[in-house]
file upload-v2.pdb (PDB, C-alpha atoms)
ATOM      1  CA  MET A  16      31.550  72.995 144.095  1.00  0.00           C
ATOM      2  CA  LYS A  17      32.921  76.324 145.223  1.00  0.00           C
ATOM      3  CA  THR A  18      36.373  75.248 146.306  1.00  0.00           C
ATOM      4  CA  LYS A  19      39.476  75.809 144.168  1.00  0.00           C
ATOM      5  CA  GLU A  20      40.955  72.356 144.693  1.00  0.00           C
ATOM      6  CA  PHE A  21      39.722  69.007 146.006  1.00  0.00           C
ATOM      7  CA  LEU A  22      40.256  65.248 145.669  1.00  0.00           C
ATOM      8  CA  ILE A  23      38.070  62.811 143.760  1.00  0.00           C
ATOM      9  CA  LYS A  24      38.082  59.008 143.664  1.00  0.00           C
ATOM     10  CA  ILE A  25      37.535  57.369 140.284  1.00  0.00           C
ATOM     11  CA  ASN A  26      34.949  54.587 140.104  1.00  0.00           C
ATOM     12  CA  GLY A  27      34.629  52.421 137.009  1.00  0.00           C
ATOM     13  CA  PHE A  28      36.434  52.134 133.699  1.00  0.00           C
ATOM     14  CA  SER A  29      34.791  54.851 131.567  1.00  0.00           C
ATOM     15  CA  CYS A  30      38.084  56.823 131.334  1.00  0.00           C
ATOM     16  CA  PHE A  31      40.528  53.899 131.570  1.00  0.00           C
ATOM     17  CA  PRO A  32      43.534  53.774 131.099  1.00  0.00           C
ATOM     18  CA  ASP A  33      43.977  57.528 131.581  1.00  0.00           C
ATOM     19  CA  LEU A  34      42.116  57.510 134.898  1.00  0.00           C
ATOM     20  CA  LEU A  35      42.431  54.375 136.980  1.00  0.00           C
ATOM     21  CA  PRO A  36      39.622  52.933 139.115  1.00  0.00           C
ATOM     22  CA  ASP A  37      40.071  53.360 142.883  1.00  0.00           C
ATOM     23  CA  LYS A  38      42.744  56.038 142.420  1.00  0.00           C
ATOM     24  CA  ILE A  39      42.280  59.438 143.988  1.00  0.00           C
ATOM     25  CA  TYR A  40      43.120  62.462 141.836  1.00  0.00           C
ATOM     26  CA  SER A  41      43.594  66.125 142.606  1.00  0.00           C
ATOM     27  CA  VAL A  42      41.089  68.409 140.886  1.00  0.00           C
ATOM     28  CA  LYS A  43      41.716  72.125 140.293  1.00  0.00           C
ATOM     29  CA  LYS A  44      39.451  74.962 139.279  1.00  0.00           C
ATOM     30  CA  ILE A  45      40.258  76.348 135.806  1.00  0.00           C
ATOM     31  CA  LYS A  46      38.664  79.030 133.631  1.00  0.00           C
ATOM     32  CA  LYS A  47      39.180  77.668 130.127  1.00  0.00           C
ATOM     33  CA  PRO A  48      39.023  73.935 129.360  1.00  0.00           C
ATOM     34  CA  LYS A  49      40.657  72.367 126.312  1.00  0.00           C
ATOM     35  CA  LYS A  50      39.649  69.456 124.141  1.00  0.00           C
ATOM     36  CA  GLY A  51      41.018  66.285 125.762  1.00  0.00           C
ATOM     37  CA  ASP A  52      40.883  67.599 129.349  1.00  0.00           C
ATOM     38  CA  PHE A  53      39.226  65.440 131.986  1.00  0.00           C
ATOM     39  CA  LEU A  54      36.661  67.580 133.784  1.00  0.00           C
ATOM     40  CA  VAL A  55      34.430  67.048 136.801  1.00  0.00           C
ATOM     41  CA  PHE A  56      30.812  68.106 136.289  1.00  0.00           C
ATOM     42  CA  LYS A  57      27.309  67.528 137.613  1.00  0.00           C
ATOM     43  CA  TYR A  58      25.046  65.502 135.345  1.00  0.00           C
ATOM     44  CA  GLN A  59      21.560  64.435 136.431  1.00  0.00           C
ATOM     45  CA  LYS A  60      22.449  64.861 140.132  1.00  0.00           C
ATOM     46  CA  ASN A  61      25.658  62.817 139.760  1.00  0.00           C
ATOM     47  CA  LEU A  62      29.245  64.024 139.846  1.00  0.00           C
ATOM     48  CA  LEU A  63      31.036  62.666 136.753  1.00  0.00           C
ATOM     49  CA  VAL A  64      34.550  62.765 135.324  1.00  0.00           C
ATOM     50  CA  LYS A  65      34.761  62.621 131.529  1.00  0.00           C
ATOM     51  CA  ARG A  66      37.033  63.736 128.692  1.00  0.00           C
ATOM     52  CA  VAL A  67      36.113  66.861 126.708  1.00  0.00           C
ATOM     53  CA  LYS A  68      35.364  65.908 123.107  1.00  0.00           C
ATOM     54  CA  LYS A  69      34.118  69.248 121.743  1.00  0.00           C
ATOM     55  CA  ILE A  70      33.758  72.843 122.938  1.00  0.00           C
ATOM     56  CA  THR A  71      31.264  75.330 121.497  1.00  0.00           C
ATOM     57  CA  LYS A  72      30.262  78.803 122.691  1.00  0.00           C
ATOM     58  CA  LYS A  73      27.256  77.380 124.542  1.00  0.00           C
ATOM     59  CA  TYR A  74      28.095  73.740 125.330  1.00  0.00           C
ATOM     60  CA  LEU A  75      30.767  71.238 126.270  1.00  0.00           C
ATOM     61  CA  VAL A  76      30.466  67.759 124.804  1.00  0.00           C
ATOM     62  CA  PHE A  77      32.006  64.801 126.642  1.00  0.00           C
ATOM     63  CA  GLU A  78      32.456  61.187 125.602  1.00  0.00           C
ATOM     64  CA  ASP A  79      33.544  58.174 127.623  1.00  0.00           C
ATOM     65  CA  ASN A  80      35.149  54.877 126.579  1.00  0.00           C
ATOM     66  CA  PHE A  81      31.712  53.338 126.135  1.00  0.00           C
ATOM     67  CA  LYS A  82      30.861  56.020 123.523  1.00  0.00           C
ATOM     68  CA  LYS A  83      28.269  57.602 125.809  1.00  0.00           C
ATOM     69  CA  ILE A  84      27.842  61.320 125.108  1.00  0.00           C
ATOM     70  CA  TYR A  85      27.234  63.990 127.764  1.00  0.00           C
ATOM     71  CA  ILE A  86      26.379  67.617 126.959  1.00  0.00           C
ATOM     72  CA  ILE A  87      26.490  70.427 129.519  1.00  0.00           C
ATOM     73  CA  LYS A  88      26.180  74.201 129.288  1.00  0.00           C
ATOM     74  CA  ASN A  89      29.431  76.083 128.917  1.00  0.00           C
ATOM     75  CA  LYS A  90      29.971  77.949 132.209  1.00  0.00           C
ATOM     76  CA  ASN A  91      32.585  80.382 133.471  1.00  0.00           C
ATOM     77  CA  CYS A  92      34.599  77.943 135.575  1.00  0.00           C
ATOM     78  CA  PHE A  93      35.440  74.263 135.424  1.00  0.00           C
ATOM     79  CA  TYR A  94      37.224  71.618 137.474  1.00  0.00           C
ATOM     80  CA  LYS A  95      40.057  69.739 135.761  1.00  0.00           C
ATOM     81  CA  VAL A  96      41.544  66.441 136.913  1.00  0.00           C
ATOM     82  CA  ASP A  97      45.309  66.701 137.425  1.00  0.00           C
ATOM     83  CA  LEU A  98      46.626  63.461 135.934  1.00  0.00           C
ATOM     84  CA  LYS A  99      50.047  64.020 137.521  1.00  0.00           C
ATOM     85  CA  ARG A 100      48.737  64.234 141.086  1.00  0.00           C
ATOM     86  CA  SER A 101      47.134  61.006 142.203  1.00  0.00           C
ATOM     87  CA  GLN A 102      47.340  58.578 145.073  1.00  0.00           C
ATOM     88  CA  GLN A 103      46.282  54.994 145.713  1.00  0.00           C
ATOM     89  CA  HIS A 104      43.286  54.421 147.920  1.00  0.00           C
TER      90      HIS A 104
END
call {"tool": "encode", "arguments": {"input": "upload-v2.pdb", "output": "C-alpha coordinates"}}
result
Amino acid sequence: MKTKEFLIKINGFSCFPDLLPDKIYSVKKIKKPKKGDFLVFKYQKNLLVKRVKKITKKYLVFEDNFKKIYIIKNKNCFYKVDLKRSQQH
(Lines of atoms letter the chains of each structure in order from A and count residues from 1; the text may use other names and numbers.)
(Lines give C-alpha, C1' and ligand atoms only; values in the text may rest on other atoms or scores of the structure.)
Protein backbone atom coordinates (compact mmCIF):
# COMPACT_ATOMS: atom_id res chain seq x y z
CA MET A 1 0.00 0.00 0.00
CA LYS A 2 1.97 2.95 -1.28
CA THR A 3 -0.86 5.11 -2.53
CA LYS A 4 -2.20 8.10 -0.59
CA GLU A 5 -5.87 7.31 -1.13
CA PHE A 6 -7.90 4.32 -2.30
CA LEU A 7 -11.30 2.63 -1.92
CA ILE A 8 -12.09 -0.43 0.17
CA LYS A 9 -15.22 -2.58 0.34
CA ILE A 10 -16.31 -3.76 3.78
CA ASN A 11 -17.13 -7.45 4.17
CA GLY A 12 -18.78 -8.76 7.32
CA PHE A 13 -20.09 -7.25 10.53
CA SER A 14 -16.96 -6.92 12.69
CA CYS A 15 -17.22 -3.08 12.69
CA PHE A 16 -21.01 -2.76 12.38
CA PRO A 17 -22.83 -0.34 12.67
CA ASP A 18 -19.99 2.13 12.09
CA LEU A 19 -18.89 0.40 8.89
CA LEU A 20 -21.61 -1.25 6.86
CA PRO A 21 -21.16 -4.50 4.92
CA ASP A 22 -21.01 -4.12 1.12
CA LYS A 23 -20.34 -0.37 1.37
CA ILE A 24 -17.25 1.09 -0.23
CA TYR A 25 -15.28 3.63 1.80
CA SER A 26 -12.53 6.05 0.93
CA VAL A 27 -9.25 5.40 2.74
CA LYS A 28 -6.56 8.07 3.22
CA LYS A 29 -2.96 7.89 4.31
CA ILE A 30 -2.33 9.55 7.70
CA LYS A 31 0.74 9.90 9.90
CA LYS A 32 -0.73 9.75 13.40
CA PRO A 33 -3.72 7.54 14.25
CA LYS A 34 -5.99 8.18 17.23
CA LYS A 35 -7.84 5.82 19.52
CA GLY A 36 -11.20 5.04 17.89
CA ASP A 37 -9.99 5.46 14.29
CA PHE A 38 -10.77 2.72 11.80
CA LEU A 39 -7.53 1.73 10.11
CA VAL A 40 -6.64 -0.59 7.24
CA PHE A 41 -3.72 -2.92 7.94
CA LYS A 42 -2.18 -6.20 6.83
CA TYR A 43 -2.59 -9.07 9.27
CA GLN A 44 -1.47 -12.61 8.41
CA LYS A 45 -1.57 -11.85 4.66
CA ASN A 46 -5.08 -10.37 4.88
CA LEU A 47 -6.13 -6.74 4.56
CA LEU A 48 -8.31 -5.86 7.57
CA VAL A 49 -10.26 -2.84 8.79
CA LYS A 50 -10.56 -2.52 12.57
CA ARG A 51 -10.98 0.15 15.25
CA VAL A 52 -7.92 1.29 17.22
CA LYS A 53 -8.33 0.35 20.87
CA LYS A 54 -4.90 1.31 22.24
CA ILE A 55 -1.72 2.99 20.99
CA THR A 56 1.72 2.45 22.52
CA LYS A 57 5.16 3.53 21.32
CA LYS A 58 5.74 0.15 19.67
CA TYR A 59 2.28 -1.29 18.92
CA LEU A 60 -1.28 -0.57 17.87
CA VAL A 61 -4.00 -2.71 19.43
CA PHE A 62 -7.27 -3.25 17.56
CA GLU A 63 -10.52 -4.87 18.65
CA ASP A 64 -13.58 -5.82 16.63
CA ASN A 65 -17.22 -6.31 17.65
CA PHE A 66 -16.54 -9.98 18.33
CA LYS A 67 -13.89 -9.00 20.93
CA LYS A 68 -11.08 -10.36 18.76
CA ILE A 69 -7.79 -8.55 19.41
CA TYR A 70 -5.20 -7.69 16.74
CA ILE A 71 -1.75 -6.28 17.52
CA ILE A 72 0.54 -4.74 14.90
CA LYS A 73 3.81 -2.83 15.07
CA ASN A 74 3.50 0.93 15.21
CA LYS A 75 4.78 2.24 11.85
CA ASN A 76 5.31 5.69 10.39
CA CYS A 77 2.19 5.83 8.22
CA PHE A 78 -1.31 4.43 8.40
CA TYR A 79 -4.47 4.27 6.31
CA LYS A 80 -7.65 5.62 7.89
CA VAL A 81 -11.19 4.89 6.72
CA ASP A 82 -13.11 8.10 5.99
CA LEU A 83 -16.55 7.42 7.47
CA LYS A 84 -18.01 10.45 5.67
CA ARG A 85 -17.04 9.29 2.19
CA SER A 86 -18.76 6.07 1.23
CA GLN A 87 -20.82 4.68 -1.59
CA GLN A 88 -23.16 1.74 -2.10
CA HIS A 89 -21.89 -1.18 -4.11
call {"tool": "resolve_selection", "arguments": {"input": "upload-v2.pdb", "expression": "the PyMOL selection byres ((chain A and resi 56-67) around 12)", "output": "PyMOL selection string"}}
result
chain A and resi 16+23-31+33-36+40+42+44+47-55+68-71+74-90+92-97
call {"tool": "axis_aligned_box", "arguments": {"input": "upload-v2.pdb", "around": "segment 61-75 of chain A", "padding_each_side": "6 Å", "output": "JSON"}}
result
{"center_x": 31.3, "center_y": 70.7, "center_z": 130.7, "size_x": 23.4, "size_y": 28.2, "size_z": 30.3}
call {"tool": "resolve_selection", "arguments": {"input": "upload-v2.pdb", "expression": "the PyMOL selection byres ((chain A and resi 19) around 6)", "output": "ChimeraX atom specification"}}
result
/A:18,20,43-44
call {"tool": "build_atoms", "arguments": {"input": "upload-v2.pdb", "residues": "segment 26-62 of chain A", "atoms": "N, CA and C atoms", "output": "PDB file, in the coordinates of the input"}}
result
ATOM      1  N   ASN A  26      35.666  55.860 140.042  1.00  0.00           N
ATOM      2  CA  ASN A  26      34.949  54.587 140.104  1.00  0.00           C
ATOM      3  C   ASN A  26      34.645  54.148 138.680  1.00  0.00           C
ATOM      4  N   GLY A  27      34.958  52.932 138.331  1.00  0.00           N
ATOM      5  CA  GLY A  27      34.629  52.421 137.009  1.00  0.00           C
ATOM      6  C   GLY A  27      35.730  52.623 135.985  1.00  0.00           C
ATOM      7  N   PHE A  28      35.442  52.175 134.768  1.00  0.00           N
ATOM      8  CA  PHE A  28      36.434  52.134 133.699  1.00  0.00           C
ATOM      9  C   PHE A  28      36.102  53.053 132.525  1.00  0.00           C
ATOM     10  N   SER A  29      35.214  54.026 132.701  1.00  0.00           N
ATOM     11  CA  SER A  29      34.791  54.851 131.567  1.00  0.00           C
ATOM     12  C   SER A  29      35.899  55.757 131.025  1.00  0.00           C
ATOM     13  N   CYS A  30      36.961  55.992 131.795  1.00  0.00           N
ATOM     14  CA  CYS A  30      38.084  56.823 131.334  1.00  0.00           C
ATOM     15  C   CYS A  30      39.415  56.069 131.399  1.00  0.00           C
ATOM     16  N   PHE A  31      39.344  54.759 131.508  1.00  0.00           N
ATOM     17  CA  PHE A  31      40.528  53.899 131.570  1.00  0.00           C
ATOM     18  C   PHE A  31      41.213  53.880 130.204  1.00  0.00           C
ATOM     19  N   PRO A  32      42.503  53.896 130.073  1.00  0.00           N
ATOM     20  CA  PRO A  32      43.534  53.774 131.099  1.00  0.00           C
ATOM     21  C   PRO A  32      44.055  55.106 131.628  1.00  0.00           C
ATOM     22  N   ASP A  33      43.492  56.219 131.136  1.00  0.00           N
ATOM     23  CA  ASP A  33      43.977  57.528 131.581  1.00  0.00           C
ATOM     24  C   ASP A  33      43.686  57.781 133.052  1.00  0.00           C
ATOM     25  N   LEU A  34      42.495  57.406 133.491  1.00  0.00           N
ATOM     26  CA  LEU A  34      42.116  57.510 134.898  1.00  0.00           C
ATOM     27  C   LEU A  34      41.833  56.108 135.410  1.00  0.00           C
ATOM     28  N   LEU A  35      42.507  55.739 136.472  1.00  0.00           N
ATOM     29  CA  LEU A  35      42.431  54.375 136.980  1.00  0.00           C
ATOM     30  C   LEU A  35      41.402  54.236 138.093  1.00  0.00           C
ATOM     31  N   PRO A  36      40.601  53.167 138.051  1.00  0.00           N
ATOM     32  CA  PRO A  36      39.622  52.933 139.115  1.00  0.00           C
ATOM     33  C   PRO A  36      40.298  52.848 140.482  1.00  0.00           C
ATOM     34  N   ASP A  37      39.626  53.360 141.486  1.00  0.00           N
ATOM     35  CA  ASP A  37      40.071  53.360 142.883  1.00  0.00           C
ATOM     36  C   ASP A  37      41.246  54.287 143.158  1.00  0.00           C
ATOM     37  N   LYS A  38      41.717  55.030 142.180  1.00  0.00           N
ATOM     38  CA  LYS A  38      42.744  56.038 142.420  1.00  0.00           C
ATOM     39  C   LYS A  38      42.077  57.355 142.779  1.00  0.00           C
ATOM     40  N   ILE A  39      42.768  58.123 143.582  1.00  0.00           N
ATOM     41  CA  ILE A  39      42.280  59.438 143.988  1.00  0.00           C
ATOM     42  C   ILE A  39      43.129  60.490 143.277  1.00  0.00           C
ATOM     43  N   TYR A  40      42.446  61.423 142.612  1.00  0.00           N
ATOM     44  CA  TYR A  40      43.120  62.462 141.836  1.00  0.00           C
ATOM     45  C   TYR A  40      42.817  63.840 142.405  1.00  0.00           C
ATOM     46  N   SER A  41      43.783  64.729 142.250  1.00  0.00           N
ATOM     47  CA  SER A  41      43.594  66.125 142.606  1.00  0.00           C
ATOM     48  C   SER A  41      42.817  66.802 141.476  1.00  0.00           C
ATOM     49  N   VAL A  42      41.907  67.681 141.852  1.00  0.00           N
ATOM     50  CA  VAL A  42      41.089  68.409 140.886  1.00  0.00           C
ATOM     51  C   VAL A  42      41.243  69.901 141.182  1.00  0.00           C
ATOM     52  N   LYS A  43      41.508  70.681 140.125  1.00  0.00           N
ATOM     53  CA  LYS A  43      41.716  72.125 140.293  1.00  0.00           C
ATOM     54  C   LYS A  43      40.728  72.910 139.453  1.00  0.00           C
ATOM     55  N   LYS A  44      40.335  74.053 139.989  1.00  0.00           N
ATOM     56  CA  LYS A  44      39.451  74.962 139.279  1.00  0.00           C
ATOM     57  C   LYS A  44      40.234  75.648 138.155  1.00  0.00           C
ATOM     58  N   ILE A  45      39.646  75.658 136.940  1.00  0.00           N
ATOM     59  CA  ILE A  45      40.258  76.348 135.806  1.00  0.00           C
ATOM     60  C   ILE A  45      39.191  77.204 135.129  1.00  0.00           C
ATOM     61  N   LYS A  46      39.624  78.159 134.316  1.00  0.00           N
ATOM     62  CA  LYS A  46      38.664  79.030 133.631  1.00  0.00           C
ATOM     63  C   LYS A  46      38.382  78.571 132.209  1.00  0.00           C
ATOM     64  N   LYS A  47      39.365  77.994 131.538  1.00  0.00           N
ATOM     65  CA  LYS A  47      39.180  77.668 130.127  1.00  0.00           C
ATOM     66  C   LYS A  47      39.617  76.231 129.852  1.00  0.00           C
ATOM     67  N   PRO A  48      38.662  75.319 129.665  1.00  0.00           N
ATOM     68  CA  PRO A  48      39.023  73.935 129.360  1.00  0.00           C
ATOM     69  C   PRO A  48      39.482  73.788 127.913  1.00  0.00           C
ATOM     70  N   LYS A  49      40.190  72.690 127.659  1.00  0.00           N
ATOM     71  CA  LYS A  49      40.657  72.367 126.312  1.00  0.00           C
ATOM     72  C   LYS A  49      40.125  70.997 125.924  1.00  0.00           C
ATOM     73  N   LYS A  50      40.035  70.769 124.642  1.00  0.00           N
ATOM     74  CA  LYS A  50      39.649  69.456 124.141  1.00  0.00           C
ATOM     75  C   LYS A  50      40.656  68.432 124.669  1.00  0.00           C
ATOM     76  N   GLY A  51      40.152  67.323 125.194  1.00  0.00           N
ATOM     77  CA  GLY A  51      41.018  66.285 125.762  1.00  0.00           C
ATOM     78  C   GLY A  51      41.164  66.350 127.271  1.00  0.00           C
ATOM     79  N   ASP A  52      40.823  67.485 127.887  1.00  0.00           N
ATOM     80  CA  ASP A  52      40.883  67.599 129.349  1.00  0.00           C
ATOM     81  C   ASP A  52      39.861  66.678 129.994  1.00  0.00           C
ATOM     82  N   PHE A  53      40.191  66.171 131.165  1.00  0.00           N
ATOM     83  CA  PHE A  53      39.226  65.440 131.986  1.00  0.00           C
ATOM     84  C   PHE A  53      38.638  66.431 132.979  1.00  0.00           C
ATOM     85  N   LEU A  54      37.327  66.629 132.911  1.00  0.00           N
ATOM     86  CA  LEU A  54      36.661  67.580 133.784  1.00  0.00           C
ATOM     87  C   LEU A  54      35.662  66.891 134.690  1.00  0.00           C
ATOM     88  N   VAL A  55      35.446  67.491 135.851  1.00  0.00           N
ATOM     89  CA  VAL A  55      34.430  67.048 136.801  1.00  0.00           C
ATOM     90  C   VAL A  55      33.212  67.941 136.586  1.00  0.00           C
ATOM     91  N   PHE A  56      32.032  67.327 136.477  1.00  0.00           N
ATOM     92  CA  PHE A  56      30.812  68.106 136.289  1.00  0.00           C
ATOM     93  C   PHE A  56      29.616  67.358 136.851  1.00  0.00           C
ATOM     94  N   LYS A  57      28.561  68.124 137.141  1.00  0.00           N
ATOM     95  CA  LYS A  57      27.309  67.528 137.613  1.00  0.00           C
ATOM     96  C   LYS A  57      26.461  67.180 136.410  1.00  0.00           C
ATOM     97  N   TYR A  58      25.908  65.965 136.429  1.00  0.00           N
ATOM     98  CA  TYR A  58      25.046  65.502 135.345  1.00  0.00           C
ATOM     99  C   TYR A  58      23.940  64.659 135.961  1.00  0.00           C
ATOM    100  N   GLN A  59      22.718  65.126 135.862  1.00  0.00           N
ATOM    101  CA  GLN A  59      21.560  64.435 136.431  1.00  0.00           C
ATOM    102  C   GLN A  59      21.802  64.037 137.891  1.00  0.00           C
ATOM    103  N   LYS A  60      22.213  65.009 138.688  1.00  0.00           N
ATOM    104  CA  LYS A  60      22.449  64.861 140.132  1.00  0.00           C
ATOM    105  C   LYS A  60      23.674  64.023 140.494  1.00  0.00           C
ATOM    106  N   ASN A  61      24.448  63.594 139.500  1.00  0.00           N
ATOM    107  CA  ASN A  61      25.658  62.817 139.760  1.00  0.00           C
ATOM    108  C   ASN A  61      26.890  63.647 139.424  1.00  0.00           C
ATOM    109  N   LEU A  62      27.967  63.396 140.137  1.00  0.00           N
ATOM    110  CA  LEU A  62      29.245  64.024 139.846  1.00  0.00           C
ATOM    111  C   LEU A  62      30.016  63.069 138.943  1.00  0.00           C
TER     112      LEU A  62
END
